file run13.txt (compact mmCIF, C-alpha atoms and all ligand atoms)
# COMPACT_ATOMS: atom_id res chain seq x y z
CA MET E 29 -19.88 12.56 -1.54
CA THR E 30 -20.44 9.13 -0.03
CA ALA E 31 -19.00 8.46 3.41
CA PRO E 32 -16.13 6.01 3.52
CA ALA E 33 -17.20 2.51 4.59
CA GLN E 34 -17.10 2.14 8.40
CA GLY E 35 -15.47 5.58 8.60
CA ARG E 36 -12.31 4.34 6.93
CA THR E 37 -10.60 7.10 4.95
CA PRO E 38 -9.56 5.73 1.54
CA LEU E 39 -5.81 5.47 1.03
CA MET E 40 -4.45 5.94 -2.49
CA ALA E 41 -0.78 5.08 -2.56
CA GLY E 42 1.50 5.34 -5.58
CA ASN E 43 4.25 2.73 -5.59
CA TRP E 44 6.83 4.14 -7.98
CA LYS E 45 8.91 0.94 -7.89
CA MET E 46 12.34 1.58 -9.49
CA ASN E 47 11.28 4.72 -11.37
CA LEU E 48 11.87 8.50 -11.06
CA ASN E 49 15.13 9.91 -9.74
CA HIS E 50 15.22 12.47 -6.95
CA LEU E 51 14.86 15.44 -9.30
CA GLU E 52 11.95 13.85 -11.13
CA ALA E 53 10.46 13.03 -7.73
CA ILE E 54 10.40 16.69 -6.72
CA ALA E 55 8.69 17.74 -9.94
CA HIS E 56 6.18 14.88 -9.65
CA VAL E 57 5.21 15.60 -6.03
CA GLN E 58 4.91 19.33 -6.76
CA LYS E 59 2.52 18.52 -9.57
CA LEU E 60 0.44 16.26 -7.32
CA ALA E 61 0.34 18.86 -4.57
CA PHE E 62 -0.80 21.58 -6.95
CA ALA E 63 -3.52 19.40 -8.47
CA LEU E 64 -4.81 18.19 -5.10
CA ALA E 65 -4.75 21.48 -3.18
CA ASP E 66 -8.45 21.79 -2.49
CA LYS E 67 -10.83 20.77 0.23
CA ASP E 68 -11.95 17.45 -1.32
CA TYR E 69 -8.42 16.26 -1.08
CA ASP E 70 -8.98 15.74 2.67
CA ALA E 71 -11.50 12.99 1.90
CA VAL E 72 -8.76 10.72 0.58
CA GLU E 73 -5.35 10.07 2.06
CA VAL E 74 -2.68 10.29 -0.62
CA ALA E 75 0.75 8.73 -0.36
CA VAL E 76 3.75 8.09 -2.57
CA LEU E 77 6.31 5.34 -2.15
CA PRO E 78 9.41 6.52 -4.03
CA PRO E 79 12.76 4.73 -4.27
CA PHE E 80 14.99 5.16 -1.20
CA THR E 81 17.22 7.67 -3.04
CA ASP E 82 14.26 10.07 -3.45
CA LEU E 83 13.01 10.06 0.12
CA ARG E 84 15.14 12.92 1.46
CA SER E 85 14.12 15.16 -1.45
CA VAL E 86 10.44 14.30 -0.97
CA GLN E 87 10.71 14.89 2.78
CA THR E 88 12.29 18.32 2.25
CA LEU E 89 9.54 19.32 -0.17
CA VAL E 90 6.67 18.00 1.97
CA ASP E 91 8.08 19.60 5.14
CA GLY E 92 9.02 22.88 3.50
CA ASP E 93 5.71 23.42 1.73
CA LYS E 94 3.62 21.75 4.46
CA LEU E 95 2.06 19.39 1.92
CA LYS E 96 -0.60 16.91 2.98
CA ILE E 97 0.86 14.21 0.76
CA LYS E 98 2.31 11.38 2.80
CA TYR E 99 5.23 9.25 1.75
CA GLY E 100 7.00 6.08 2.61
CA ALA E 101 9.48 3.46 1.46
CA GLN E 102 9.07 0.35 -0.64
CA ASP E 103 10.93 -1.93 1.75
CA ILE E 104 12.51 -2.02 5.21
CA SER E 105 15.22 -4.12 6.78
CA ALA E 106 14.18 -6.42 9.59
CA GLN E 107 17.37 -5.29 11.39
CA ASP E 108 17.86 -1.96 13.17
CA SER E 109 21.52 -1.44 12.17
CA GLY E 110 24.75 -3.26 11.45
CA ALA E 111 26.59 -5.10 8.70
CA TYR E 112 23.72 -5.56 6.24
CA THR E 113 25.06 -4.12 2.99
CA GLY E 114 22.42 -2.48 0.86
CA GLU E 115 19.72 -2.53 3.51
CA ILE E 116 17.77 0.45 4.86
CA SER E 117 16.59 0.34 8.47
CA GLY E 118 13.44 1.39 10.28
CA PRO E 119 15.29 4.09 12.27
CA MET E 120 16.57 5.58 8.98
CA LEU E 121 13.06 5.70 7.54
CA ALA E 122 11.64 7.12 10.76
CA LYS E 123 14.31 9.86 10.72
CA LEU E 124 13.06 10.78 7.24
CA LYS E 125 9.55 11.05 8.73
CA CYS E 126 8.15 8.31 6.52
CA THR E 127 4.57 7.39 7.35
CA PHE E 128 4.36 4.14 5.41
CA VAL E 129 6.52 1.26 4.29
CA ALA E 130 5.49 -1.48 1.89
CA VAL E 131 6.23 -4.98 3.15
CA GLY E 132 6.15 -8.18 1.12
CA HIS E 133 5.38 -6.72 -2.27
CA SER E 134 5.12 -9.59 -4.74
CA GLU E 135 8.22 -8.30 -6.54
CA ARG E 136 10.18 -8.57 -3.26
CA ARG E 137 8.77 -12.06 -2.75
CA GLN E 138 9.56 -13.08 -6.34
CA TYR E 139 12.99 -11.51 -6.91
CA HIS E 140 14.37 -11.34 -3.37
CA GLY E 141 13.03 -14.51 -1.84
CA GLU E 142 10.95 -12.81 0.82
CA ASN E 143 8.76 -15.36 2.55
CA ASP E 144 6.11 -14.96 5.21
CA GLU E 145 8.67 -15.25 8.01
CA ILE E 146 10.70 -12.36 6.59
CA CYS E 147 7.53 -10.32 6.04
CA ASN E 148 6.57 -10.97 9.64
CA ALA E 149 9.94 -9.65 10.86
CA LYS E 150 9.62 -6.60 8.60
CA VAL E 151 6.08 -5.85 9.79
CA LYS E 152 7.37 -5.96 13.37
CA ALA E 153 10.36 -3.75 12.48
CA ALA E 154 8.04 -1.19 10.92
CA PHE E 155 5.81 -0.99 13.97
CA LYS E 156 8.82 -0.87 16.29
CA HIS E 157 9.89 2.36 14.62
CA GLY E 158 6.48 3.99 14.29
CA LEU E 159 5.98 3.24 10.60
CA THR E 160 2.73 1.94 9.13
CA PRO E 161 3.29 -1.21 7.09
CA ILE E 162 1.39 -1.66 3.87
CA LEU E 163 1.45 -5.45 3.86
CA CYS E 164 1.11 -6.85 0.35
CA VAL E 165 -0.52 -10.22 -0.17
CA GLY E 166 -2.00 -11.96 -3.17
CA GLU E 167 -1.94 -15.06 -5.32
CA GLY E 168 -0.25 -15.92 -8.60
CA LEU E 169 -2.01 -17.14 -11.71
CA ASP E 170 -1.69 -20.86 -10.95
CA ILE E 171 -3.29 -20.41 -7.55
CA ARG E 172 -6.08 -18.32 -9.07
CA LYS E 173 -6.73 -20.94 -11.77
CA ALA E 174 -6.97 -23.61 -9.08
CA GLY E 175 -9.51 -21.46 -7.22
CA ASP E 176 -7.31 -21.26 -4.12
CA GLN E 177 -6.87 -17.49 -4.02
CA VAL E 178 -8.60 -16.99 -0.67
CA SER E 179 -6.81 -19.70 1.31
CA TYR E 180 -3.43 -18.78 -0.23
CA THR E 181 -3.80 -15.09 0.55
CA LEU E 182 -5.07 -15.70 4.07
CA ALA E 183 -2.07 -17.95 4.76
CA GLN E 184 0.21 -15.06 3.75
CA LEU E 185 -1.76 -12.77 6.06
CA ASP E 186 -1.52 -15.20 8.98
CA GLY E 187 2.23 -15.59 8.46
CA ALA E 188 2.95 -11.88 8.30
CA LEU E 189 0.82 -11.11 11.37
CA LYS E 190 2.23 -13.88 13.60
CA ASP E 191 2.65 -12.50 17.14
CA VAL E 192 1.79 -8.96 16.02
CA PRO E 193 -0.26 -7.51 18.89
CA ALA E 194 -3.63 -5.86 18.34
CA GLU E 195 -2.35 -2.43 19.36
CA HIS E 196 -0.09 -2.57 16.30
CA ALA E 197 -2.28 -4.53 13.92
CA GLU E 198 -5.10 -2.01 14.27
CA SER E 199 -3.15 0.50 12.18
CA ILE E 200 -1.78 -1.84 9.50
CA VAL E 201 -2.80 -1.42 5.87
CA ILE E 202 -3.28 -4.59 3.82
CA ALA E 203 -2.85 -4.44 0.05
CA TYR E 204 -4.46 -7.31 -1.83
CA GLU E 205 -2.54 -7.58 -5.07
CA PRO E 206 -3.25 -10.59 -7.27
CA VAL E 207 0.13 -11.12 -8.94
CA TRP E 208 -1.45 -11.92 -12.31
CA ALA E 209 -2.95 -8.42 -12.39
CA ILE E 210 0.25 -6.49 -11.57
CA GLY E 211 1.57 -4.50 -14.49
CA THR E 212 -0.31 -6.71 -16.94
CA GLY E 213 -3.27 -4.49 -17.71
CA GLU E 214 -5.42 -7.39 -16.57
CA VAL E 215 -7.36 -5.91 -13.68
CA ALA E 216 -9.31 -8.12 -11.30
CA THR E 217 -13.03 -7.65 -11.51
CA PRO E 218 -14.56 -5.69 -8.64
CA GLU E 219 -16.11 -8.99 -7.49
CA ASP E 220 -12.70 -10.71 -7.53
CA ALA E 221 -11.26 -7.89 -5.42
CA GLN E 222 -14.19 -7.95 -2.99
CA GLU E 223 -14.05 -11.73 -2.56
CA VAL E 224 -10.50 -11.66 -1.22
CA CYS E 225 -10.66 -8.27 0.55
CA GLY E 226 -13.80 -9.42 2.37
CA ALA E 227 -12.08 -12.66 3.37
CA ILE E 228 -9.09 -10.68 4.66
CA ARG E 229 -11.36 -8.57 6.85
CA ARG E 230 -13.14 -11.65 8.21
CA ARG E 231 -9.76 -13.22 9.03
CA LEU E 232 -8.67 -10.05 10.85
CA ALA E 233 -11.85 -10.33 12.93
CA GLU E 234 -10.98 -13.95 13.76
CA LEU E 235 -7.36 -13.13 14.60
CA TYR E 236 -8.16 -10.00 16.61
CA SER E 237 -11.67 -8.54 16.88
CA GLN E 238 -14.47 -7.26 14.68
CA GLU E 239 -13.73 -3.74 15.85
CA LEU E 240 -10.13 -4.02 14.72
CA ALA E 241 -11.12 -5.62 11.42
CA ASP E 242 -13.56 -2.78 10.76
CA ALA E 243 -10.84 -0.21 11.33
CA VAL E 244 -8.14 -1.69 9.08
CA ARG E 245 -7.84 -0.35 5.54
CA ILE E 246 -7.61 -2.92 2.78
CA GLN E 247 -6.37 -1.78 -0.61
CA TYR E 248 -6.61 -3.43 -3.98
CA GLY E 249 -3.61 -3.30 -6.32
CA GLY E 250 -3.11 -4.53 -9.86
CA SER E 251 -3.54 -2.45 -13.03
CA VAL E 252 -5.61 0.22 -11.27
CA LYS E 253 -6.34 3.17 -13.56
CA SER E 254 -8.71 6.12 -13.60
CA GLY E 255 -11.10 4.12 -15.77
CA ASN E 256 -11.52 1.17 -13.40
CA VAL E 257 -10.90 2.62 -9.94
CA ALA E 258 -14.46 3.77 -9.18
CA ALA E 259 -15.96 0.29 -9.67
CA ILE E 260 -13.30 -1.26 -7.45
CA MET E 261 -13.72 1.40 -4.78
CA ALA E 262 -17.48 0.75 -4.75
CA GLN E 263 -16.82 -2.63 -3.12
CA PRO E 264 -17.56 -2.61 0.61
CA ASP E 265 -14.22 -4.03 1.74
CA VAL E 266 -11.95 -2.06 -0.61
CA ASP E 267 -10.61 1.07 1.07
CA GLY E 268 -8.08 2.29 -1.43
CA ALA E 269 -5.58 1.25 -4.03
CA LEU E 270 -1.89 0.55 -4.35
CA ILE E 271 -1.05 1.89 -7.76
CA GLY E 272 2.06 1.07 -9.76
CA GLY E 273 2.35 2.08 -13.40
CA ALA E 274 -0.49 4.61 -13.37
CA ALA E 275 1.08 6.43 -10.40
CA LEU E 276 4.03 7.50 -12.59
CA ASP E 277 1.74 9.80 -14.57
CA ALA E 278 0.79 12.63 -12.21
CA ASP E 279 -2.39 13.54 -14.11
CA GLU E 280 -3.57 9.93 -14.12
CA PHE E 281 -2.74 9.46 -10.44
CA VAL E 282 -4.73 12.58 -9.56
CA LYS E 283 -7.71 11.22 -11.51
CA ILE E 284 -7.46 8.00 -9.50
CA VAL E 285 -7.34 9.96 -6.23
CA ARG E 286 -10.46 11.82 -7.39
CA PHE E 287 -12.30 8.57 -8.11
CA ARG E 288 -15.49 9.97 -6.63
CA ASP E 289 -15.70 12.59 -9.35
CA GLN E 290 -16.15 9.95 -12.04
O1 LIG W 301 2.40 -1.81 -6.02
C1 LIG W 301 1.66 -1.75 -7.00
C2 LIG W 301 1.26 -2.91 -7.71
O2 LIG W 301 2.30 -3.79 -7.90
C3 LIG W 301 0.42 -2.66 -8.91
O3 LIG W 301 1.18 -2.29 -10.03
P1 LIG W 301 0.42 -1.86 -11.38
O4 LIG W 301 -0.56 -0.80 -10.97
O5 LIG W 301 1.50 -1.36 -12.28
O6 LIG W 301 -0.27 -3.09 -11.87
call {"tool": "encode", "arguments": {"input": "run13.txt", "output": "structure tokens"}}
result
Amino acid sequence: MTAPAQGRTPLMAGNWKMNLNHLEAIAHVQKLAFALADKDYDAVEVAVLPPFTDLRSVQTLVDGDKLKIKYGAQDISAQDSGAYTGEISGPMLAKLKCTFVAVGHSERRQYHGENDEICNAKVKAAFKHGLTPILCVGEGLDIRKAGDQVSYTLAQLDGALKDVPAEHAESIVIAYEPVWAIGTGEVATPEDAQEVCGAIRRRLAELYSQELADAVRIQYGGSVKSGNVAAIMAQPDVDGALIGGAALDADEFVKIVRFRDQ
């Protein structure tokens, strides 16, 4: 087994989006746990990001059976509490022992108007409550066609990390998700993924330090499947994947987690 680049443990996270109710969630996580209950499973960190309504069920299962699977939410409010109908706060997610929370997923940006300022507030809210943000960045098709994918994505990174101190930023996870590859079956080439993930790491070194940049995990997301994950993971600056559609099939997700076996 090859050692993870720079000692970074790969993170494979399944973003279920608005799929699987709390009963289906229990069955799904049990299946993952059974399939991943061996020693190699320690070489990859595995997480699921279910809908809010599933989190208590997943927590009960993970706690009760002492599973190594981690879990988190798909969004977080920038506020701690109060009259914010429909929102879920950092303290609520922390109480559910969430490890991760996705921030700025392109679907939040597209359908809920989340801009870099909002993402910045949400990143800070996550850290305030001991949660690890998985900050999603990435360009749309027009930007890609114009060849501006690196500058566009780095501007999103800069905006979301504004005034985030190094002691927090060192544990962030960045997910590079080109919007044109999400749910389309059109996966970025490994070289496309490396180009932007490498640029993200260089920007982290400029914003903070090389040491911090070397420690941060950068995922690729966008039509990841068992058949393409190994080539993407072979890139030096790709440390995992944020998986949407393929994460809803437990067998397929397990194959992705076991990318080294392919
Ligand atoms: O969060 C996951 C991404 O949006 C990727 O989704 P996908 O694997 O269905 O393309």
call {"tool": "closest_atom_pairs", "arguments": {"input": "run13.txt", "of": "chain E", "to": "ligand LIG 301 (chain W)", "cutoff": "9 Å", "atoms": "all atoms listed in the file", "output": "CSV"}}
result
residue,atom,partner,partner_atom,distance
E:Ala41,CA,W:LIG301,O1,8.3
E:Gly42,CA,W:LIG301,O1,7.2
E:Asn43,CA,W:LIG301,O1,4.9
E:Trp44,CA,W:LIG301,O1,7.7
E:Lys45,CA,W:LIG301,O1,7.3
E:Gln102,CA,W:LIG301,O1,8.8
E:Ala130,CA,W:LIG301,O1,8.5
E:His133,CA,W:LIG301,O1,6.9
E:Ser134,CA,W:LIG301,O2,7.2
E:Glu135,CA,W:LIG301,O2,7.6
E:Cys164,CA,W:LIG301,O1,8.2
E:Ala203,CA,W:LIG301,O1,8.4
E:Glu205,CA,W:LIG301,C2,6.6
E:Pro206,CA,W:LIG301,O2,8.8
E:Val207,CA,W:LIG301,O2,7.7
E:Trp208,CA,W:LIG301,O6,8.9
E:Ala209,CA,W:LIG301,O6,6.0
E:Ile210,CA,W:LIG301,O6,3.5
E:Gly211,CA,W:LIG301,O6,3.5
E:Thr212,CA,W:LIG301,O6,6.2
E:Gly213,CA,W:LIG301,O6,6.7
E:Glu214,CA,W:LIG301,O6,8.2
E:Val215,CA,W:LIG301,O6,7.8
E:Tyr248,CA,W:LIG301,C3,8.6
E:Gly249,CA,W:LIG301,C3,4.8
E:Gly250,CA,W:LIG301,O6,3.8
E:Ser251,CA,W:LIG301,O6,3.5
E:Val252,CA,W:LIG301,O4,5.2
E:Lys253,CA,W:LIG301,O4,7.5
E:Ala269,CA,W:LIG301,C1,8.4
E:Leu270,CA,W:LIG301,C1,5.0
E:Ile271,CA,W:LIG301,O4,4.2
E:Gly272,CA,W:LIG301,O4,3.4
E:Gly273,CA,W:LIG301,O5,3.7
E:Ala274,CA,W:LIG301,O4,5.9
E:Ala275,CA,W:LIG301,O4,7.4
call {"tool": "residues_around", "arguments": {"input": "run13.txt", "residues": "range 49-60 of chain E", "least_positions_apart": "5", "cutoff": "9 Å", "atoms": "only C-alpha atoms", "output": "PyMOL selection string"}}
result
chain E and resi 65+76+78-79+81-86+89-90+97+276-279+281-282
call {"tool": "atom_distance", "arguments": {"input": "run13.txt", "atom1": "CA of Val151 in chain E", "atom2": "CA of Val285 in chain E"}}
result
26.2 Å
call {"tool": "closest_residue", "arguments": {"input": "run13.txt", "among": "E:Ser117, E:Gln107, E:Thr181, E:Asn143", "to": "Gly226 in chain E", "atoms": "all atoms listed in the file"}}
result
E:Thr181
call {"tool": "residues_around", "arguments": {"input": "run13.txt", "residues": "Glu219 in chain E", "least_positions_apart": "5", "cutoff": "12 Å", "atoms": "all atoms listed in the file", "output": "PyMOL selection string"}}
result
chain E and resi 224-226+248+259-266
call {"tool": "atom_distance", "arguments": {"input": "run13.txt", "atom1": "CA of Leu159 in chain E", "atom2": "CA of Cys126 in chain E"}}
result
6.9 Å
call {"tool": "atom_distance", "arguments": {"input": "run13.txt", "atom1": "CA of Asn47 in chain E", "atom2": "CA of Ala101 in chain E"}}
result
13.0 Å
call {"tool": "closest_residue", "arguments": {"input": "run13.txt", "among": "E:Arg231, E:Lys152, E:Arg245, E:His140", "to": "Leu185 in chain E", "atoms": "all atoms listed in the file"}}
result
E:Arg231
call {"tool": "closest_residue", "arguments": {"input": "run13.txt", "among": "E:Asp66, E:Asp267, E:Glu73, E:Glu142", "to": "Ala221 in chain E", "atoms": "all atoms listed in the file"}}
result
E:Asp267
